[in-house]
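Source file: final_0.pdb (PDB, C-alpha atoms)
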MODEL        1
ATOM      1  CA  MET A   1       7.556  -0.219 -29.304  1.00  0.00           C
ATOM      2  CA  ALA A   2       6.001  -0.798 -25.881  1.00  0.00           C
ATOM      3  CA  THR A   3       8.252  -2.581 -23.397  1.00  0.00           C
ATOM      4  CA  MET A   4       7.334  -5.268 -20.904  1.00  0.00           C
ATOM      5  CA  LYS A   5       6.988  -4.095 -17.308  1.00  0.00           C
ATOM      6  CA  ARG A   6       6.800  -5.915 -13.995  1.00  0.00           C
ATOM      7  CA  GLY A   7       3.521  -5.494 -12.187  1.00  0.00           C
ATOM      8  CA  TYR A   8       0.808  -6.787  -9.881  1.00  0.00           C
ATOM      9  CA  VAL A   9      -2.978  -6.852 -10.151  1.00  0.00           C
ATOM     10  CA  LEU A  10      -4.498  -4.907  -7.261  1.00  0.00           C
ATOM     11  CA  HIS A  11      -8.125  -5.459  -8.220  1.00  0.00           C
ATOM     12  CA  HIS A  12     -10.216  -6.443 -11.227  1.00  0.00           C
ATOM     13  CA  ARG A  13     -13.873  -6.355 -12.217  1.00  0.00           C
ATOM     14  CA  PRO A  14     -15.901  -7.639 -15.186  1.00  0.00           C
ATOM     15  CA  PHE A  15     -16.319  -5.448 -18.251  1.00  0.00           C
ATOM     16  CA  ARG A  16     -18.191  -6.290 -21.474  1.00  0.00           C
ATOM     17  CA  GLU A  17     -18.449  -9.962 -22.309  1.00  0.00           C
ATOM     18  CA  SER A  18     -15.129 -11.711 -21.677  1.00  0.00           C
ATOM     19  CA  SER A  19     -13.126  -8.613 -20.712  1.00  0.00           C
ATOM     20  CA  VAL A  20     -12.134  -7.241 -17.332  1.00  0.00           C
ATOM     21  CA  ILE A  21     -10.879  -3.921 -16.013  1.00  0.00           C
ATOM     22  CA  VAL A  22      -7.759  -4.331 -13.909  1.00  0.00           C
ATOM     23  CA  ASN A  23      -6.090  -1.925 -11.494  1.00  0.00           C
ATOM     24  CA  LEU A  24      -2.362  -2.575 -11.746  1.00  0.00           C
ATOM     25  CA  LEU A  25       0.731  -1.447  -9.881  1.00  0.00           C
ATOM     26  CA  ILE A  26       3.513  -1.211 -12.473  1.00  0.00           C
ATOM     27  CA  GLU A  27       7.243  -0.878 -11.843  1.00  0.00           C
ATOM     28  CA  GLY A  28       8.594   2.519 -12.839  1.00  0.00           C
ATOM     29  CA  ILE A  29       5.125   3.927 -13.474  1.00  0.00           C
ATOM     30  CA  GLY A  30       2.733   3.494 -10.554  1.00  0.00           C
ATOM     31  CA  ARG A  31      -0.936   2.719 -10.895  1.00  0.00           C
ATOM     32  CA  VAL A  32      -2.297   1.782 -14.307  1.00  0.00           C
ATOM     33  CA  ASP A  33      -5.945   0.981 -15.059  1.00  0.00           C
ATOM     34  CA  ALA A  34      -6.359  -1.196 -18.122  1.00  0.00           C
ATOM     35  CA  ILE A  35      -8.722  -3.497 -19.953  1.00  0.00           C
ATOM     36  CA  THR A  36      -7.893  -7.014 -21.066  1.00  0.00           C
ATOM     37  CA  ARG A  37      -9.672  -9.977 -22.571  1.00  0.00           C
ATOM     38  CA  VAL A  38      -9.717 -12.994 -20.291  1.00  0.00           C
ATOM     39  CA  GLY A  39      -9.977 -15.668 -22.966  1.00  0.00           C
ATOM     40  CA  THR A  40     -11.324 -19.189 -22.633  1.00  0.00           C
ATOM     41  CA  GLY A  41      -9.979 -22.702 -22.328  1.00  0.00           C
ATOM     42  CA  LYS A  42      -6.209 -23.087 -22.491  1.00  0.00           C
ATOM     43  CA  ARG A  43      -5.860 -19.450 -23.521  1.00  0.00           C
ATOM     44  CA  SER A  44      -7.613 -18.124 -20.455  1.00  0.00           C
ATOM     45  CA  ILE A  45      -5.554 -15.818 -18.246  1.00  0.00           C
ATOM     46  CA  LYS A  46      -7.922 -16.004 -15.267  1.00  0.00           C
ATOM     47  CA  SER A  47      -5.375 -17.936 -13.232  1.00  0.00           C
ATOM     48  CA  ILE A  48      -2.806 -15.117 -13.356  1.00  0.00           C
ATOM     49  CA  LEU A  49      -5.198 -12.181 -12.980  1.00  0.00           C
ATOM     50  CA  GLN A  50      -5.057 -12.657  -9.236  1.00  0.00           C
ATOM     51  CA  PRO A  51      -3.636 -10.560  -6.402  1.00  0.00           C
ATOM     52  CA  PHE A  52      -0.029 -11.249  -5.354  1.00  0.00           C
ATOM     53  CA  GLN A  53       0.856 -12.882  -8.679  1.00  0.00           C
ATOM     54  CA  PRO A  54       4.044 -11.320 -10.107  1.00  0.00           C
ATOM     55  CA  LEU A  55       3.401 -10.408 -13.737  1.00  0.00           C
ATOM     56  CA  ILE A  56       5.105  -9.110 -16.832  1.00  0.00           C
ATOM     57  CA  VAL A  57       2.767  -6.758 -18.651  1.00  0.00           C
ATOM     58  CA  GLN A  58       2.731  -4.796 -21.887  1.00  0.00           C
ATOM     59  CA  PHE A  59       0.022  -2.275 -22.612  1.00  0.00           C
ATOM     60  CA  SER A  60      -0.878   0.488 -25.008  1.00  0.00           C
ATOM     61  CA  ALA A  61      -2.605   3.831 -24.504  1.00  0.00           C
ATOM     62  CA  GLN A  62      -5.266   2.941 -27.062  1.00  0.00           C
ATOM     63  CA  SER A  63      -8.398   1.340 -25.683  1.00  0.00           C
ATOM     64  CA  GLU A  64     -11.815   0.256 -26.845  1.00  0.00           C
ATOM     65  CA  ALA A  65     -13.080   2.094 -23.759  1.00  0.00           C
ATOM     66  CA  LYS A  66     -11.509   5.480 -24.438  1.00  0.00           C
ATOM     67  CA  ASN A  67     -14.207   7.304 -22.521  1.00  0.00           C
ATOM     68  CA  LEU A  68     -13.044   5.510 -19.357  1.00  0.00           C
ATOM     69  CA  GLY A  69      -9.418   6.530 -19.812  1.00  0.00           C
ATOM     70  CA  LEU A  70      -8.230   2.923 -19.812  1.00  0.00           C
ATOM     71  CA  LYS A  71      -5.130   1.452 -21.390  1.00  0.00           C
ATOM     72  CA  THR A  72      -5.246  -1.867 -23.218  1.00  0.00           C
ATOM     73  CA  ILE A  73      -3.144  -4.834 -22.114  1.00  0.00           C
ATOM     74  CA  THR A  74      -1.491  -6.272 -25.208  1.00  0.00           C
ATOM     75  CA  GLN A  75       0.510  -8.998 -23.473  1.00  0.00           C
ATOM     76  CA  ILE A  76       0.516 -10.425 -19.964  1.00  0.00           C
ATOM     77  CA  GLU A  77       2.203 -13.439 -18.393  1.00  0.00           C
ATOM     78  CA  ALA A  78       3.304 -14.744 -15.027  1.00  0.00           C
ATOM     79  CA  ALA A  79       6.796 -13.622 -14.017  1.00  0.00           C
ATOM     80  CA  ALA A  80       7.113 -15.999 -11.039  1.00  0.00           C
ATOM     81  CA  PRO A  81       4.908 -18.141  -8.811  1.00  0.00           C
ATOM     82  CA  ALA A  82       2.289 -16.264  -6.797  1.00  0.00           C
ATOM     83  CA  MET A  83       3.379 -14.996  -3.388  1.00  0.00           C
ATOM     84  CA  PRO A  84       2.438 -17.702  -0.836  1.00  0.00           C
ATOM     85  CA  LEU A  85       0.396 -15.547   1.538  1.00  0.00           C
ATOM     86  CA  VAL A  86      -1.785 -17.258   4.154  1.00  0.00           C
ATOM     87  CA  GLY A  87      -3.672 -16.228   7.276  1.00  0.00           C
ATOM     88  CA  ASN A  88      -2.883 -12.731   8.531  1.00  0.00           C
ATOM     89  CA  SER A  89      -0.295 -12.286   5.791  1.00  0.00           C
ATOM     90  CA  LEU A  90      -3.029 -12.828   3.191  1.00  0.00           C
ATOM     91  CA  TYR A  91      -5.356 -10.318   4.859  1.00  0.00           C
ATOM     92  CA  SER A  92      -2.424  -7.912   5.051  1.00  0.00           C
ATOM     93  CA  GLY A  93      -1.888  -8.236   1.318  1.00  0.00           C
ATOM     94  CA  PHE A  94      -5.540  -7.397   0.699  1.00  0.00           C
ATOM     95  CA  TYR A  95      -5.099  -4.400   2.991  1.00  0.00           C
ATOM     96  CA  LEU A  96      -2.140  -3.090   0.985  1.00  0.00           C
ATOM     97  CA  ASN A  97      -4.077  -3.549  -2.258  1.00  0.00           C
ATOM     98  CA  GLU A  98      -7.085  -1.722  -0.885  1.00  0.00           C
ATOM     99  CA  LEU A  99      -4.944   1.187   0.279  1.00  0.00           C
ATOM    100  CA  LEU A 100      -3.420   1.518  -3.181  1.00  0.00           C
ATOM    101  CA  VAL A 101      -6.754   1.366  -5.001  1.00  0.00           C
ATOM    102  CA  ARG A 102      -8.330   3.875  -2.626  1.00  0.00           C
ATOM    103  CA  LEU A 103      -5.480   6.378  -2.349  1.00  0.00           C
ATOM    104  CA  LEU A 104      -3.332   6.138  -5.473  1.00  0.00           C
ATOM    105  CA  SER A 105      -4.747   7.659  -8.649  1.00  0.00           C
ATOM    106  CA  VAL A 106      -3.598   6.931 -12.192  1.00  0.00           C
ATOM    107  CA  GLU A 107      -2.517  10.558 -12.467  1.00  0.00           C
ATOM    108  CA  HIS A 108      -0.045  10.125  -9.623  1.00  0.00           C
ATOM    109  CA  GLN A 109       3.192   8.754 -11.056  1.00  0.00           C
ATOM    110  CA  ALA A 110       4.361   6.722  -8.073  1.00  0.00           C
ATOM    111  CA  GLU A 111       7.397   5.095  -9.652  1.00  0.00           C
ATOM    112  CA  GLY A 112       8.995   3.939  -6.411  1.00  0.00           C
ATOM    113  CA  LEU A 113       5.992   2.289  -4.779  1.00  0.00           C
ATOM    114  CA  PHE A 114       6.324  -0.930  -6.752  1.00  0.00           C
ATOM    115  CA  ILE A 115       9.559  -1.846  -4.950  1.00  0.00           C
ATOM    116  CA  ALA A 116       8.076  -1.018  -1.522  1.00  0.00           C
ATOM    117  CA  TYR A 117       5.016  -3.133  -2.323  1.00  0.00           C
ATOM    118  CA  HIS A 118       7.058  -6.045  -3.681  1.00  0.00           C
ATOM    119  CA  ARG A 119       9.284  -6.028  -0.593  1.00  0.00           C
ATOM    120  CA  ALA A 120       6.240  -5.964   1.689  1.00  0.00           C
ATOM    121  CA  LEU A 121       4.749  -9.016  -0.051  1.00  0.00           C
ATOM    122  CA  MET A 122       8.048 -10.914   0.125  1.00  0.00           C
ATOM    123  CA  SER A 123       8.340 -10.134   3.838  1.00  0.00           C
ATOM    124  CA  LEU A 124       4.740 -11.186   4.503  1.00  0.00           C
ATOM    125  CA  ALA A 125       5.328 -14.427   2.592  1.00  0.00           C
ATOM    126  CA  THR A 126       7.987 -15.394   5.141  1.00  0.00           C
ATOM    127  CA  GLY A 127       5.636 -14.760   8.078  1.00  0.00           C
ATOM    128  CA  PHE A 128       3.264 -12.152   9.417  1.00  0.00           C
ATOM    129  CA  CYS A 129       4.535  -9.142  11.329  1.00  0.00           C
ATOM    130  CA  SER A 130       2.637  -5.863  11.419  1.00  0.00           C
ATOM    131  CA  SER A 131       5.897  -3.960  10.987  1.00  0.00           C
ATOM    132  CA  HIS A 132       5.765  -4.851   7.270  1.00  0.00           C
ATOM    133  CA  LEU A 133       2.465  -2.970   7.022  1.00  0.00           C
ATOM    134  CA  ARG A 134       3.864   0.068   8.816  1.00  0.00           C
ATOM    135  CA  TYR A 135       6.828   0.354   6.446  1.00  0.00           C
ATOM    136  CA  PHE A 136       4.596   0.187   3.387  1.00  0.00           C
ATOM    137  CA  GLU A 137       2.110   2.670   4.859  1.00  0.00           C
ATOM    138  CA  MET A 138       5.015   5.037   5.434  1.00  0.00           C
ATOM    139  CA  ALA A 139       6.197   4.622   1.821  1.00  0.00           C
ATOM    140  CA  LEU A 140       2.683   5.313   0.531  1.00  0.00           C
ATOM    141  CA  LEU A 141       2.180   8.355   2.758  1.00  0.00           C
ATOM    142  CA  LEU A 142       5.567   9.720   1.706  1.00  0.00           C
ATOM    143  CA  GLU A 143       4.600   9.276  -1.925  1.00  0.00           C
ATOM    144  CA  LEU A 144       1.357  11.158  -1.293  1.00  0.00           C
ATOM    145  CA  GLY A 145       3.169  13.942   0.548  1.00  0.00           C
ATOM    146  CA  ALA A 146       1.278  13.178   3.733  1.00  0.00           C
ATOM    147  CA  PHE A 147       4.047  11.941   6.019  1.00  0.00           C
ATOM    148  CA  PRO A 148       5.938  14.220   8.422  1.00  0.00           C
ATOM    149  CA  SER A 149       9.714  14.406   8.619  1.00  0.00           C
ATOM    150  CA  LEU A 150      11.394  11.729  10.705  1.00  0.00           C
ATOM    151  CA  ASN A 151      14.648  13.661  10.641  1.00  0.00           C
ATOM    152  CA  TYR A 152      13.758  16.864  12.488  1.00  0.00           C
ATOM    153  CA  ASP A 153      11.152  18.029  14.984  1.00  0.00           C
ATOM    154  CA  THR A 154       9.001  21.159  14.648  1.00  0.00           C
ATOM    155  CA  GLN A 155      11.830  23.256  16.116  1.00  0.00           C
ATOM    156  CA  GLY A 156      14.360  22.113  13.531  1.00  0.00           C
ATOM    157  CA  ASN A 157      16.282  19.831  15.864  1.00  0.00           C
ATOM    158  CA  ALA A 158      17.114  16.212  15.089  1.00  0.00           C
ATOM    159  CA  LEU A 159      14.743  13.651  16.621  1.00  0.00           C
ATOM    160  CA  VAL A 160      16.222  12.074  19.748  1.00  0.00           C
ATOM    161  CA  ALA A 161      15.564   8.508  20.904  1.00  0.00           C
ATOM    162  CA  ASP A 162      15.070   9.366  24.592  1.00  0.00           C
ATOM    163  CA  CYS A 163      12.733  12.294  23.906  1.00  0.00           C
ATOM    164  CA  ASN A 164       8.929  12.157  23.579  1.00  0.00           C
ATOM    165  CA  TYR A 165       6.919  13.882  20.875  1.00  0.00           C
ATOM    166  CA  ARG A 166       3.386  14.901  20.044  1.00  0.00           C
ATOM    167  CA  PHE A 167       2.297  14.922  16.419  1.00  0.00           C
ATOM    168  CA  VAL A 168       1.005  18.295  15.234  1.00  0.00           C
ATOM    169  CA  ALA A 169      -0.875  18.219  11.929  1.00  0.00           C
ATOM    170  CA  GLU A 170       0.913  20.034   9.079  1.00  0.00           C
ATOM    171  CA  SER A 171       3.883  20.771  11.364  1.00  0.00           C
ATOM    172  CA  GLY A 172       5.453  17.511  12.451  1.00  0.00           C
ATOM    173  CA  PHE A 173       6.616  16.158  15.799  1.00  0.00           C
ATOM    174  CA  LEU A 174       6.692  18.571  18.722  1.00  0.00           C
ATOM    175  CA  PRO A 175       8.988  17.709  21.671  1.00  0.00           C
ATOM    176  CA  VAL A 176       7.082  17.274  24.958  1.00  0.00           C
ATOM    177  CA  VAL A 177       7.990  16.423  28.535  1.00  0.00           C
ATOM    178  CA  GLN A 178       4.998  14.167  29.258  1.00  0.00           C
ATOM    179  CA  HIS A 179       5.179  10.450  28.822  1.00  0.00           C
ATOM    180  CA  SER A 180       2.529   8.040  27.594  1.00  0.00           C
ATOM    181  CA  ASP A 181       2.618   4.433  26.414  1.00  0.00           C
ATOM    182  CA  GLY A 182       0.189   4.966  23.559  1.00  0.00           C
ATOM    183  CA  PHE A 183      -0.967   7.210  20.782  1.00  0.00           C
ATOM    184  CA  SER A 184      -4.554   8.392  20.442  1.00  0.00           C
ATOM    185  CA  HIS A 185      -5.585  10.583  17.519  1.00  0.00           C
ATOM    186  CA  GLY A 186      -3.121  13.383  18.053  1.00  0.00           C
ATOM    187  CA  LYS A 187      -3.444  13.516  21.855  1.00  0.00           C
ATOM    188  CA  GLY A 188      -1.022  10.733  22.703  1.00  0.00           C
ATOM    189  CA  ILE A 189       2.726  10.872  23.009  1.00  0.00           C
ATOM    190  CA  LEU A 190       5.154   9.080  20.726  1.00  0.00           C
ATOM    191  CA  SER A 191       8.614   7.985  21.753  1.00  0.00           C
ATOM    192  CA  GLY A 192      11.563   9.245  19.774  1.00  0.00           C
ATOM    193  CA  ALA A 193      12.956   5.714  19.823  1.00  0.00           C
ATOM    194  CA  MET A 194       9.878   4.440  17.947  1.00  0.00           C
ATOM    195  CA  LEU A 195      10.040   7.223  15.359  1.00  0.00           C
ATOM    196  CA  LEU A 196      13.715   6.564  14.673  1.00  0.00           C
ATOM    197  CA  ALA A 197      13.087   2.809  14.488  1.00  0.00           C
ATOM    198  CA  LEU A 198      10.277   3.440  12.001  1.00  0.00           C
ATOM    199  CA  ALA A 199      12.571   5.585   9.871  1.00  0.00           C
ATOM    200  CA  SER A 200      15.216   2.844   9.786  1.00  0.00           C
ATOM    201  CA  HIS A 201      12.694  -0.011   9.250  1.00  0.00           C
ATOM    202  CA  ASN A 202      13.709  -1.541  12.571  1.00  0.00           C
ATOM    203  CA  LEU A 203      10.581  -1.482  14.731  1.00  0.00           C
ATOM    204  CA  HIS A 204      10.619  -3.620  17.877  1.00  0.00           C
ATOM    205  CA  ALA A 205       7.626  -5.522  19.210  1.00  0.00           C
ATOM    206  CA  GLU A 206       6.932  -3.017  21.987  1.00  0.00           C
ATOM    207  CA  GLN A 207       6.833  -0.166  19.442  1.00  0.00           C
ATOM    208  CA  LEU A 208       4.279  -1.683  17.055  1.00  0.00           C
ATOM    209  CA  ASN A 209       1.142  -0.329  18.733  1.00  0.00           C
ATOM    210  CA  GLN A 210       2.464   3.238  18.730  1.00  0.00           C
ATOM    211  CA  ALA A 211       3.458   2.934  15.071  1.00  0.00           C
ATOM    212  CA  LYS A 212       0.033   1.536  14.187  1.00  0.00           C
ATOM    213  CA  GLY A 213      -1.707   4.415  15.968  1.00  0.00           C
ATOM    214  CA  LEU A 214       0.374   6.994  14.133  1.00  0.00           C
ATOM    215  CA  MET A 215      -0.303   5.439  10.732  1.00  0.00           C
ATOM    216  CA  ARG A 216      -4.017   5.095  11.444  1.00  0.00           C
ATOM    217  CA  TYR A 217      -4.169   8.774  12.382  1.00  0.00           C
ATOM    218  CA  LEU A 218      -2.328   9.868   9.229  1.00  0.00           C
ATOM    219  CA  LEU A 219      -4.379   7.657   6.901  1.00  0.00           C
ATOM    220  CA  THR A 220      -7.818   8.507   8.286  1.00  0.00           C
ATOM    221  CA  PRO A 221      -8.262  11.922   6.600  1.00  0.00           C
ATOM    222  CA  LEU A 222      -7.144  10.444   3.274  1.00  0.00           C
ATOM    223  CA  LEU A 223      -9.476   7.449   3.438  1.00  0.00           C
ATOM    224  CA  GLY A 224     -12.551   9.360   4.583  1.00  0.00           C
ATOM    225  CA  ASN A 225     -15.550   7.719   6.219  1.00  0.00           C
ATOM    226  CA  LYS A 226     -15.790   4.635   4.015  1.00  0.00           C
ATOM    227  CA  PRO A 227     -14.455   1.680   6.038  1.00  0.00           C
ATOM    228  CA  LEU A 228     -11.735  -0.585   4.671  1.00  0.00           C
ATOM    229  CA  LEU A 229     -13.078  -4.051   3.888  1.00  0.00           C
ATOM    230  CA  SER A 230      -9.683  -5.606   4.631  1.00  0.00           C
ATOM    231  CA  ARG A 231      -9.762  -4.247   8.185  1.00  0.00           C
ATOM    232  CA  GLN A 232     -13.124  -5.947   8.640  1.00  0.00           C
ATOM    233  CA  LEU A 233     -11.517  -9.199   7.472  1.00  0.00           C
ATOM    234  CA  PHE A 234      -8.827  -8.803  10.134  1.00  0.00           C
ATOM    235  CA  ALA A 235     -11.423  -8.106  12.833  1.00  0.00           C
ATOM    236  CA  LYS A 236     -13.647 -11.008  11.775  1.00  0.00           C
ATOM    237  CA  ASN A 237     -10.847 -13.553  11.774  1.00  0.00           C
ATOM    238  CA  ALA A 238      -9.405 -12.295  15.060  1.00  0.00           C
ATOM    239  CA  GLN A 239     -12.610 -13.258  16.849  1.00  0.00           C
TER
ENDMDL
END
As structure tokens, what does this structure read like?
Amino acid sequence: MATMKRGYVLHHRPFRESSVIVNLLIEGIGRVDAITRVGTGKRSIKSILQPFQPLIVQFSAQSEAKNLGLKTITQIEAAAPAMPLVGNSLYSGFYLNELLVRLLSVEHQAEGLFIAYHRALMSLATGFCSSHLRYFEMALLLELGAFPSLNYDTQGNALVADCNYRFVAESGFLPVVQHSDGFSHGKGILSGAMLLALASHNLHAEQLNQAKGLMRYLLTPLLGNKPLLSRQLFAKNAQ
């Protein structure tokens, strides 16, 4: 018998009459794409098929859309009130969802990402800080095997707080003697203090720009040329 799982809706789109296709992030599983009937009147589930709404979901592998490889949701209900995201925290939530839909496939069993995502939403609900985005980006990149070691440099030595490093693709962080305040697509210099703070989820305000530059550089080849709509939301509302 199928068990109930905690989950979140990342995205949904209409499908055949009163049904929708939903992209879900499910605890202990990862991404699941499924079909569900929305219903009407008092039985409608439209109000809970929204981003940032904690859910309890049950689904089966059988689907009326077998050619699409979809599962079928057999039961779904709210597990708690929706995360109260507003302003930049709301746009950040959309950004996390877009990253997951773009980069995480249903074939990739990302069991641990649910906890990282849930923690990011809870942190954003208490107030916006870009550090919450950096920690989730790191968790996602680690899951995808696209994040370098934050334990050792390219020479096998432990990273040191008062040393500077240059990121070398497919190798890791190379110790350097130069100093720079920023990071620019592989040419800039990163402080060891920032890298260690990132590893321990303890970034300070002055380290956020460097961390953002590193994550942007690592995500770019995975995302390709198609721009992220959530980044455009950030830019539009920052004006």
Show me the residues around (2.6, -5.3, -24.7) - criterion: an atom at most 10 Å away, only C-alpha atoms counted - as a PyMOL selection string. chain A and resi 1-5+56-60+72-76
Tell me, as a PyMOL selection string, which residues lie within 8 Å of stretch 33-46 of chain A, counting only C-alpha atoms; anything in the same chain fewer than 6 positions away does not count. chain A and resi 18-24+59+63+70-74+106
How close does each residue of stretch 80-109 of chain A get to stretch 141-153 of chain A, giving the shortest atom pair and distance in Å to one decimal for every residue with an atom at most 12 Å away, counting all atoms listed in the file, sorted by chain and residue number, as JSON lines?
{"residue": "A:Leu99", "atom": "CA", "partner": "A:Leu141", "partner_atom": "CA", "distance": 10.4}
{"residue": "A:Leu100", "atom": "CA", "partner": "A:Leu141", "partner_atom": "CA", "distance": 10.6}
{"residue": "A:Leu103", "atom": "CA", "partner": "A:Leu144", "partner_atom": "CA", "distance": 8.4}
{"residue": "A:Leu104", "atom": "CA", "partner": "A:Leu144", "partner_atom": "CA", "distance": 8.0}
{"residue": "A:Ser105", "atom": "CA", "partner": "A:Leu144", "partner_atom": "CA", "distance": 10.2}
{"residue": "A:Glu107", "atom": "CA", "partner": "A:Leu144", "partner_atom": "CA", "distance": 11.8}
{"residue": "A:His108", "atom": "CA", "partner": "A:Leu144", "partner_atom": "CA", "distance": 8.5}
{"residue": "A:Gln109", "atom": "CA", "partner": "A:Glu143", "partner_atom": "CA", "distance": 9.3}
Just C-alpha atoms for this one: save the residues we selected as a PDB file, in the frame of the given file.
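Saved result, selection_4.pdb, follows:
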ATOM      1  CA  LEU A  99      -4.944   1.187   0.279  1.00  0.00           C
ATOM      2  CA  LEU A 100      -3.420   1.518  -3.181  1.00  0.00           C
ATOM      3  CA  LEU A 103      -5.480   6.378  -2.349  1.00  0.00           C
ATOM      4  CA  LEU A 104      -3.332   6.138  -5.473  1.00  0.00           C
ATOM      5  CA  SER A 105      -4.747   7.659  -8.649  1.00  0.00           C
ATOM      6  CA  GLU A 107      -2.517  10.558 -12.467  1.00  0.00           C
ATOM      7  CA  HIS A 108      -0.045  10.125  -9.623  1.00  0.00           C
ATOM      8  CA  GLN A 109       3.192   8.754 -11.056  1.00  0.00           C
TER       9      GLN A 109
END
Enter the distance from atom CA of A:Lys226 to atom CA of A:Leu195, in Å, rounded to one decimal.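 We find that atom CA of A:Lys226 and atom CA of A:Leu195 lie 28.3 Å from each other.
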Name the residues that the PyMOL selection byres ((chain A and resi 162) around 10) picks from the file above, as a PyMOL selection string, using the file's chain letters and numbers. chain A and resi 159-161+163-164+191-194
Taking the file as shown, find all residues satisfying the PyMOL selection byres ((chain A and resi 27) around 8) and write them as an MDAnalysis selection string. chainID A and resid 5:7 25:26 28:30 111:115
Straight-line distance linking atom CA of A:Leu174 with atom CA of A:Tyr217, stated in Å to one decimal: 15.9 Å
As JSON, what would the box around stretch 151-157 of chain A look like: edges along x, y and z, 8 Å added on every side, centre and edge lengths in Å to one decimal?
{"center_x": 12.6, "center_y": 18.5, "center_z": 13.4, "size_x": 23.3, "size_y": 25.6, "size_z": 21.5}
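Interatomic distance, atom CA of A:Val9 to atom CA of A:Ser200: 28.7 Å.
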Please enumerate the residues selected by the PyMOL selection byres ((chain A and resi 170) around 10) when evaluated against the supplied file, formatted as a CSV table (one decimal) with C-alpha atoms, in the coordinates of the input.
chain,number,residue,atom,x,y,z
A,146,ALA,CA,1.3,13.2,3.7
A,147,PHE,CA,4.0,11.9,6.0
A,148,PRO,CA,5.9,14.2,8.4
A,154,THR,CA,9.0,21.2,14.6
A,167,PHE,CA,2.3,14.9,16.4
A,168,VAL,CA,1.0,18.3,15.2
A,169,ALA,CA,-0.9,18.2,11.9
A,171,SER,CA,3.9,20.8,11.4
A,172,GLY,CA,5.5,17.5,12.5
A,173,PHE,CA,6.6,16.2,15.8
Around the point (-6.9, -2.6, -6.6), in the coordinates given by the file, pick out the residues reaching within 6 Å, counting all atoms listed in the file, and return them as a list in words.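 Those residues lying close to the given coordinates are Leu10, His11, Asn23, Asn97, Glu98 and Val101 of chain A.
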